[in-house]
file input04.cif (mmCIF, C-alpha atoms)
data_entry
#
loop_
_atom_site.group_PDB
_atom_site.id
_atom_site.type_symbol
_atom_site.label_atom_id
_atom_site.label_comp_id
_atom_site.auth_asym_id
_atom_site.auth_seq_id
_atom_site.Cartn_x
_atom_site.Cartn_y
_atom_site.Cartn_z
ATOM 1 C CA MET I 1 18.939 -38.489 -34.687
ATOM 2 C CA PRO I 2 17.855 -38.570 -31.021
ATOM 3 C CA SER I 3 20.177 -37.264 -28.326
ATOM 4 C CA PRO I 4 21.533 -39.587 -25.616
ATOM 5 C CA THR I 5 18.997 -38.075 -23.187
ATOM 6 C CA GLU I 6 16.098 -38.661 -25.599
ATOM 7 C CA GLU I 7 17.232 -42.273 -26.139
ATOM 8 C CA PHE I 8 17.530 -42.813 -22.382
ATOM 9 C CA LEU I 9 14.056 -41.383 -21.687
ATOM 10 C CA ALA I 10 12.447 -43.378 -24.511
ATOM 11 C CA GLU I 11 13.951 -46.578 -23.104
ATOM 12 C CA MET I 12 13.573 -46.004 -19.378
ATOM 13 C CA LEU I 13 10.429 -43.949 -18.744
ATOM 14 C CA PRO I 14 7.852 -46.471 -20.039
ATOM 15 C CA ARG I 15 9.415 -49.238 -17.922
ATOM 16 C CA GLN I 16 9.692 -46.994 -14.870
ATOM 17 C CA THR I 17 6.110 -45.737 -15.227
ATOM 18 C CA ALA I 18 4.810 -49.326 -15.448
ATOM 19 C CA ALA I 19 6.884 -50.286 -12.388
ATOM 20 C CA GLU I 20 5.547 -47.353 -10.361
ATOM 21 C CA ARG I 21 1.969 -48.193 -11.306
ATOM 22 C CA ALA I 22 2.573 -51.747 -10.055
ATOM 23 C CA MET I 23 4.155 -50.366 -6.871
ATOM 24 C CA HIS I 24 1.053 -48.279 -6.233
ATOM 25 C CA ASN I 25 -1.050 -51.424 -6.674
ATOM 26 C CA GLY I 26 0.944 -53.175 -3.935
ATOM 27 C CA ASP I 27 3.537 -54.979 -6.107
ATOM 28 C CA ALA I 28 7.168 -53.961 -5.503
ATOM 29 C CA GLY I 29 8.542 -56.576 -7.935
ATOM 30 C CA PRO I 30 8.678 -54.441 -11.099
ATOM 31 C CA ARG I 31 10.318 -51.520 -9.247
ATOM 32 C CA THR I 32 12.824 -53.898 -7.691
ATOM 33 C CA ALA I 33 13.681 -55.245 -11.155
ATOM 34 C CA LEU I 34 14.650 -51.745 -12.356
ATOM 35 C CA TRP I 35 17.140 -51.155 -9.566
ATOM 36 C CA SER I 36 20.812 -52.028 -9.441
ATOM 37 C CA LYS I 37 21.686 -54.750 -6.967
ATOM 38 C CA ALA I 38 25.302 -53.490 -6.896
ATOM 39 C CA ASP I 39 26.204 -50.969 -4.219
ATOM 40 C CA PRO I 40 26.168 -48.102 -3.885
ATOM 41 C CA VAL I 41 22.372 -47.760 -4.008
ATOM 42 C CA SER I 42 20.397 -45.346 -1.849
ATOM 43 C CA LEU I 43 16.857 -44.271 -1.101
ATOM 44 C CA PHE I 44 15.830 -40.975 0.434
ATOM 45 C CA GLY I 45 12.162 -41.888 0.621
ATOM 46 C CA ALA I 46 9.242 -39.583 1.260
ATOM 47 C CA TRP I 47 7.987 -41.611 4.253
ATOM 48 C CA LEU I 48 10.989 -43.573 5.538
ATOM 49 C CA PRO I 49 14.426 -42.627 6.829
ATOM 50 C CA ILE I 50 17.409 -42.901 4.483
ATOM 51 C CA ARG I 51 18.180 -46.429 3.277
ATOM 52 C CA THR I 52 21.483 -47.522 1.766
ATOM 53 C CA GLY I 53 22.577 -50.881 0.405
ATOM 54 C CA TRP I 54 20.422 -53.234 -1.616
ATOM 55 C CA ALA I 55 19.096 -55.251 1.355
ATOM 56 C CA ASP I 56 17.734 -52.140 3.110
ATOM 57 C CA VAL I 57 16.473 -50.483 -0.083
ATOM 58 C CA SER I 58 14.615 -53.574 -1.321
ATOM 59 C CA ASP I 59 13.084 -54.120 2.134
ATOM 60 C CA ALA I 60 11.840 -50.516 2.090
ATOM 61 C CA PHE I 61 10.209 -51.100 -1.305
ATOM 62 C CA ARG I 62 8.287 -54.090 0.046
ATOM 63 C CA ARG I 63 7.169 -52.133 3.113
ATOM 64 C CA VAL I 64 6.016 -49.162 1.046
ATOM 65 C CA ALA I 65 4.220 -51.276 -1.589
ATOM 66 C CA ALA I 66 2.247 -53.006 1.174
ATOM 67 C CA GLN I 67 0.679 -49.636 2.043
ATOM 68 C CA PHE I 68 -0.746 -49.090 -1.473
ATOM 69 C CA SER I 69 -3.604 -50.520 -3.515
ATOM 70 C CA ASP I 70 -6.094 -49.477 -6.182
ATOM 71 C CA SER I 71 -3.852 -47.147 -8.177
ATOM 72 C CA ARG I 72 -6.224 -45.021 -10.192
ATOM 73 C CA GLU I 73 -3.643 -42.621 -11.603
ATOM 74 C CA TYR I 74 0.117 -42.463 -11.681
ATOM 75 C CA ARG I 75 1.898 -39.895 -13.821
ATOM 76 C CA PHE I 76 5.553 -38.865 -13.875
ATOM 77 C CA GLU I 77 6.038 -35.286 -15.016
ATOM 78 C CA VAL I 78 9.666 -34.841 -16.113
ATOM 79 C CA VAL I 79 11.061 -31.395 -15.313
ATOM 80 C CA ALA I 80 14.675 -32.077 -16.298
ATOM 81 C CA ALA I 81 16.723 -35.057 -17.417
ATOM 82 C CA GLY I 82 20.169 -35.854 -18.718
ATOM 83 C CA ALA I 83 22.197 -38.816 -19.893
ATOM 84 C CA SER I 84 25.883 -39.028 -20.659
ATOM 85 C CA GLY I 85 27.930 -42.188 -20.956
ATOM 86 C CA ASP I 86 26.802 -44.627 -18.277
ATOM 87 C CA LEU I 87 25.068 -42.104 -15.972
ATOM 88 C CA ALA I 88 21.679 -40.405 -16.206
ATOM 89 C CA TYR I 89 19.207 -38.531 -14.027
ATOM 90 C CA THR I 90 15.594 -37.432 -13.970
ATOM 91 C CA ILE I 91 13.944 -34.724 -11.902
ATOM 92 C CA GLY I 92 10.213 -34.309 -11.785
ATOM 93 C CA TYR I 93 6.890 -34.794 -10.072
ATOM 94 C CA GLU I 94 4.984 -38.000 -9.392
ATOM 95 C CA HIS I 95 1.226 -37.449 -9.352
ATOM 96 C CA ASN I 96 -0.727 -40.244 -7.644
ATOM 97 C CA THR I 97 -4.331 -41.134 -6.931
ATOM 98 C CA VAL I 98 -4.381 -44.371 -4.937
ATOM 99 C CA THR I 99 -5.619 -46.109 -1.834
ATOM 100 C CA LEU I 100 -3.044 -45.603 0.907
ATOM 101 C CA ASN I 101 -3.460 -47.622 4.092
ATOM 102 C CA GLY I 102 -7.084 -48.298 3.177
ATOM 103 C CA ARG I 103 -7.987 -44.676 2.453
ATOM 104 C CA PRO I 104 -8.259 -42.811 -0.851
ATOM 105 C CA ALA I 105 -5.344 -40.414 -1.349
ATOM 106 C CA THR I 106 -4.196 -37.985 -3.992
ATOM 107 C CA TYR I 107 -0.731 -36.497 -3.662
ATOM 108 C CA THR I 108 2.287 -35.211 -5.535
ATOM 109 C CA LEU I 109 5.940 -35.924 -4.753
ATOM 110 C CA ARG I 110 9.074 -34.226 -6.040
ATOM 111 C CA VAL I 111 11.433 -36.973 -7.169
ATOM 112 C CA THR I 112 14.993 -37.260 -8.339
ATOM 113 C CA HIS I 113 16.416 -40.487 -9.754
ATOM 114 C CA VAL I 114 20.006 -41.341 -10.637
ATOM 115 C CA TYR I 115 20.651 -44.171 -13.109
ATOM 116 C CA ARG I 116 23.716 -46.204 -13.992
ATOM 117 C CA ARG I 117 24.106 -48.332 -17.114
ATOM 118 C CA GLU I 118 25.108 -51.880 -16.159
ATOM 119 C CA GLU I 119 25.855 -54.417 -18.876
ATOM 120 C CA GLY I 120 23.948 -52.293 -21.396
ATOM 121 C CA ASP I 121 20.841 -51.878 -19.201
ATOM 122 C CA TRP I 122 19.803 -48.739 -17.294
ATOM 123 C CA LYS I 123 19.381 -49.349 -13.558
ATOM 124 C CA ILE I 124 18.235 -46.938 -10.854
ATOM 125 C CA VAL I 125 20.831 -46.370 -8.124
ATOM 126 C CA HIS I 126 19.264 -43.507 -6.151
ATOM 127 C CA ARG I 127 15.810 -42.078 -5.480
ATOM 128 C CA HIS I 128 14.926 -39.004 -3.480
ATOM 129 C CA GLY I 129 11.244 -38.218 -3.007
ATOM 130 C CA ASP I 130 9.529 -35.624 -0.863
ATOM 131 C CA ARG I 131 6.462 -33.442 -0.753
ATOM 132 C CA PRO I 132 6.875 -30.115 -2.554
ATOM 133 C CA PRO I 133 6.758 -27.090 -0.288
ATOM 134 C CA ASP I 134 3.908 -24.626 -0.576
ATOM 135 C CA GLU I 135 4.751 -21.688 -2.813
ATOM 136 C CA PRO I 136 5.250 -18.601 -0.628
ATOM 137 C CA ALA I 137 3.408 -15.413 -1.487
ATOM 138 C CA PRO I 138 5.473 -13.188 -3.819
ATOM 139 C CA ASP I 139 6.146 -10.657 -1.045
ATOM 140 C CA ALA I 140 6.735 -13.216 1.742
ATOM 141 C CA PRO I 141 10.262 -13.394 3.152
ATOM 142 C CA LEU I 142 12.052 -16.683 2.566
ATOM 143 C CA HIS I 143 13.477 -18.245 5.700
ATOM 144 C CA SER I 144 15.563 -21.241 6.628
ATOM 145 C CA ARG I 145 14.535 -23.914 9.060
#

call {"tool": "encode", "arguments": {"input": "input04.cif", "output": "structure tokens"}}
result
Amino acid sequence: MPSPTEEFLAEMLPRQTAAERAMHNGDAGPRTALWSKADPVSLFGAWLPIRTGWADVSDAFRRVAAQFSDSREYRFEVVAAGASGDLAYTIGYEHNTVTLNGRPATYTLRVTHVYRREEGDWKIVHRHGDRPPDEPAPDAPLHSR
């Protein structure tokens, strides 16, 4: 019998992967469909300042999608995930090969998503994406910014 986390991932990841592929082909509609329209929702995007509230978040999705085309590869590498009751999360890496603002680009983002079950359906309520830092040399001192 699958665990709640395994059930959540089996249900959500294929839909989310398809939505992200569409996003990276310039279509924000499928991503928008996966998100809750009920506040609170928030976006800590990789290229935009923090957005909160559905109107600002959905506008950000349209702006970001307009920058992308020709998605040649999108892969979500799950590092950790959990689901309990009506809340779930995923942590991982998004690997992309696309055209970004008319130029070929390959990049990786660290991403965290928070999900809430609404009327039996999983919806995303938060996304945080950023570029992973370079790994310091083993003997390099770690410092704060």

call {"tool": "closest_residue", "arguments": {"input": "input04.cif", "among": "I:Gly53, I:Pro138, I:Gly92, I:Gly82", "to": "Ser3 of chain I", "atoms": "all atoms listed in the file"}}
result
I:Gly82

call {"tool": "residues_around", "arguments": {"input": "input04.cif", "residues": "segment 24-33 of chain I", "least_positions_apart": "3", "cutoff": "9 Å", "atoms": "all atoms listed in the file", "output": "list in words"}}
result
Arg15, Gln16, Ala18, Ala19, Glu20, Arg21, Ser36, Lys37, Ser58, Phe61, Arg62, Arg63, Val64, Ala65, Ala66, Gln67, Phe68, Ser69, Asp70, Ser71, Arg72, Tyr74, Asn96, Thr97, Val98, Thr99, Leu100 and Lys123 of chain I

call {"tool": "resolve_selection", "arguments": {"input": "input04.cif", "expression": "the PyMOL selection byres ((chain I and resi 109) around 10)", "output": "ChimeraX atom specification"}}
result
/I:46,76,92-96,107-108,110-112,128-133

call {"tool": "residues_around", "arguments": {"input": "input04.cif", "residues": "Asp86 of chain I", "least_positions_apart": "6", "cutoff": "9 Å", "atoms": "all atoms listed in the file", "output": "VMD selection string"}}
result
chain I and resid 115 to 118 120 122

call {"tool": "write_last_selection", "arguments": {"input": "input04.cif", "atoms": "C-alpha atoms", "output": "JSON list (two decimals), keeping the file's coordinate frame"}}
result
[["chain", "number", "residue", "atom", "x", "y", "z"],
["I", 115, "TYR", "CA", 20.65, -44.17, -13.11],
["I", 116, "ARG", "CA", 23.72, -46.20, -13.99],
["I", 117, "ARG", "CA", 24.11, -48.33, -17.11],
["I", 118, "GLU", "CA", 25.11, -51.88, -16.16],
["I", 120, "GLY", "CA", 23.95, -52.29, -21.40],
["I", 122, "TRP", "CA", 19.80, -48.74, -17.29]]

call {"tool": "axis_aligned_box", "arguments": {"input": "input04.cif", "around": "segment 39-49 of chain I", "padding_each_side": "6 Å", "output": "JSON"}}
result
{"center_x": 17.1, "center_y": -45.3, "center_z": 1.3, "size_x": 30.2, "size_y": 23.4, "size_z": 23.0}

call {"tool": "resolve_selection", "arguments": {"input": "input04.cif", "expression": "the PyMOL selection byres ((chain I and resi 127) around 9)", "output": "VMD selection string"}}
result
chain I and resid 41 to 45 111 to 114 124 to 126 128 to 129

call {"tool": "atom_distance", "arguments": {"input": "input04.cif", "atom1": "atom CA of Glu7 of chain I", "atom2": "atom CA of Trp35 of chain I"}}
result
18.8 Å

call {"tool": "atom_distance", "arguments": {"input": "input04.cif", "atom1": "atom CA of Leu9 of chain I", "atom2": "atom CA of Glu119 of chain I"}}
result
17.8 Å

call {"tool": "atom_distance", "arguments": {"input": "input04.cif", "atom1": "atom CA of Val57 of chain I", "atom2": "atom CA of Pro14 of chain I"}}
result
22.1 Å

call {"tool": "residues_near_point", "arguments": {"input": "input04.cif", "point": "(19.0, -36.8, -20.4)", "cutoff": "8 Å", "atoms": "all atoms listed in the file", "output": "VMD selection string"}}
result
chain I and resid 4 to 6 8 to 9 80 to 84 88 to 90

call {"tool": "build_atoms", "arguments": {"input": "input04.cif", "residues": "segment 67-93 of chain I", "atoms": "N, CA, C and O atoms", "output": "short mmCIF file (atom, residue, chain, number, x, y, z; two decimals), in the coordinates of the input"}}
result
data_model
loop_
_atom_site.label_atom_id
_atom_site.label_comp_id
_atom_site.auth_asym_id
_atom_site.auth_seq_id
_atom_site.Cartn_x
_atom_site.Cartn_y
_atom_site.Cartn_z
N GLN I 67 1.58 -50.70 1.61
CA GLN I 67 0.68 -49.64 2.04
C GLN I 67 -0.30 -49.21 0.94
O GLN I 67 -1.28 -48.53 1.20
N PHE I 68 0.01 -49.58 -0.32
CA PHE I 68 -0.75 -49.09 -1.47
C PHE I 68 -1.65 -50.16 -2.07
O PHE I 68 -1.36 -51.35 -2.03
N SER I 69 -2.74 -49.69 -2.68
CA SER I 69 -3.60 -50.52 -3.52
C SER I 69 -4.42 -49.60 -4.40
O SER I 69 -4.42 -48.37 -4.22
N ASP I 70 -5.12 -50.19 -5.36
CA ASP I 70 -6.09 -49.48 -6.18
C ASP I 70 -5.53 -48.20 -6.80
O ASP I 70 -6.12 -47.13 -6.66
N SER I 71 -4.41 -48.31 -7.49
CA SER I 71 -3.85 -47.15 -8.18
C SER I 71 -4.79 -46.72 -9.29
O SER I 71 -5.05 -47.46 -10.23
N ARG I 72 -5.31 -45.53 -9.17
CA ARG I 72 -6.22 -45.02 -10.19
C ARG I 72 -5.51 -44.10 -11.17
O ARG I 72 -5.95 -43.94 -12.30
N GLU I 73 -4.44 -43.47 -10.71
CA GLU I 73 -3.64 -42.62 -11.60
C GLU I 73 -2.22 -42.56 -11.08
O GLU I 73 -2.00 -42.38 -9.88
N TYR I 74 -1.29 -42.74 -11.98
CA TYR I 74 0.12 -42.46 -11.68
C TYR I 74 0.67 -41.77 -12.92
O TYR I 74 0.51 -42.26 -14.04
N ARG I 75 1.29 -40.62 -12.70
CA ARG I 75 1.90 -39.90 -13.82
C ARG I 75 3.21 -39.30 -13.35
O ARG I 75 3.28 -38.72 -12.26
N PHE I 76 4.26 -39.46 -14.17
CA PHE I 76 5.55 -38.86 -13.88
C PHE I 76 5.75 -37.70 -14.82
O PHE I 76 5.81 -37.88 -16.04
N GLU I 77 5.84 -36.52 -14.25
CA GLU I 77 6.04 -35.29 -15.02
C GLU I 77 7.53 -34.94 -14.96
O GLU I 77 8.04 -34.53 -13.92
N VAL I 78 8.23 -35.11 -16.07
CA VAL I 78 9.67 -34.84 -16.11
C VAL I 78 9.89 -33.33 -16.20
O VAL I 78 9.33 -32.67 -17.09
N VAL I 79 10.69 -32.81 -15.30
CA VAL I 79 11.06 -31.40 -15.31
C VAL I 79 12.41 -31.22 -15.99
O VAL I 79 12.62 -30.30 -16.76
N ALA I 80 13.34 -32.12 -15.70
CA ALA I 80 14.68 -32.08 -16.30
C ALA I 80 15.23 -33.49 -16.32
O ALA I 80 14.88 -34.32 -15.48
N ALA I 81 16.09 -33.74 -17.29
CA ALA I 81 16.72 -35.06 -17.42
C ALA I 81 18.02 -34.89 -18.19
O ALA I 81 18.19 -33.95 -18.96
N GLY I 82 18.92 -35.85 -17.97
CA GLY I 82 20.17 -35.85 -18.72
C GLY I 82 20.75 -37.25 -18.74
O GLY I 82 20.49 -38.05 -17.83
N ALA I 83 21.50 -37.54 -19.79
CA ALA I 83 22.20 -38.82 -19.89
C ALA I 83 23.51 -38.57 -20.61
O ALA I 83 23.56 -37.87 -21.63
N SER I 84 24.56 -39.15 -20.07
CA SER I 84 25.88 -39.03 -20.66
C SER I 84 26.69 -40.26 -20.26
O SER I 84 26.82 -40.56 -19.07
N GLY I 85 27.17 -40.98 -21.26
CA GLY I 85 27.93 -42.19 -20.96
C GLY I 85 27.07 -43.19 -20.23
O GLY I 85 25.99 -43.56 -20.69
N ASP I 86 27.51 -43.61 -19.05
CA ASP I 86 26.80 -44.63 -18.28
C ASP I 86 26.04 -44.06 -17.08
O ASP I 86 25.65 -44.81 -16.19
N LEU I 87 25.83 -42.73 -17.05
CA LEU I 87 25.07 -42.10 -15.97
C LEU I 87 23.94 -41.26 -16.54
O LEU I 87 24.08 -40.66 -17.60
N ALA I 88 22.82 -41.21 -15.80
CA ALA I 88 21.68 -40.40 -16.21
C ALA I 88 20.92 -39.97 -14.96
O ALA I 88 21.13 -40.51 -13.87
N TYR I 89 20.05 -38.98 -15.13
CA TYR I 89 19.21 -38.53 -14.03
C TYR I 89 17.86 -38.06 -14.57
O TYR I 89 17.74 -37.71 -15.74
N THR I 90 16.87 -38.08 -13.70
CA THR I 90 15.59 -37.43 -13.97
C THR I 90 15.18 -36.66 -12.73
O THR I 90 15.48 -37.06 -11.60
N ILE I 91 14.52 -35.54 -12.96
CA ILE I 91 13.94 -34.72 -11.90
C ILE I 91 12.52 -34.43 -12.32
O ILE I 91 12.27 -34.08 -13.48
N GLY I 92 11.58 -34.60 -11.41
CA GLY I 92 10.21 -34.31 -11.78
C GLY I 92 9.24 -34.47 -10.64
O GLY I 92 9.62 -34.48 -9.46
N TYR I 93 7.98 -34.63 -11.02
CA TYR I 93 6.89 -34.79 -10.07
C TYR I 93 6.16 -36.09 -10.35
O TYR I 93 5.88 -36.41 -11.50
#
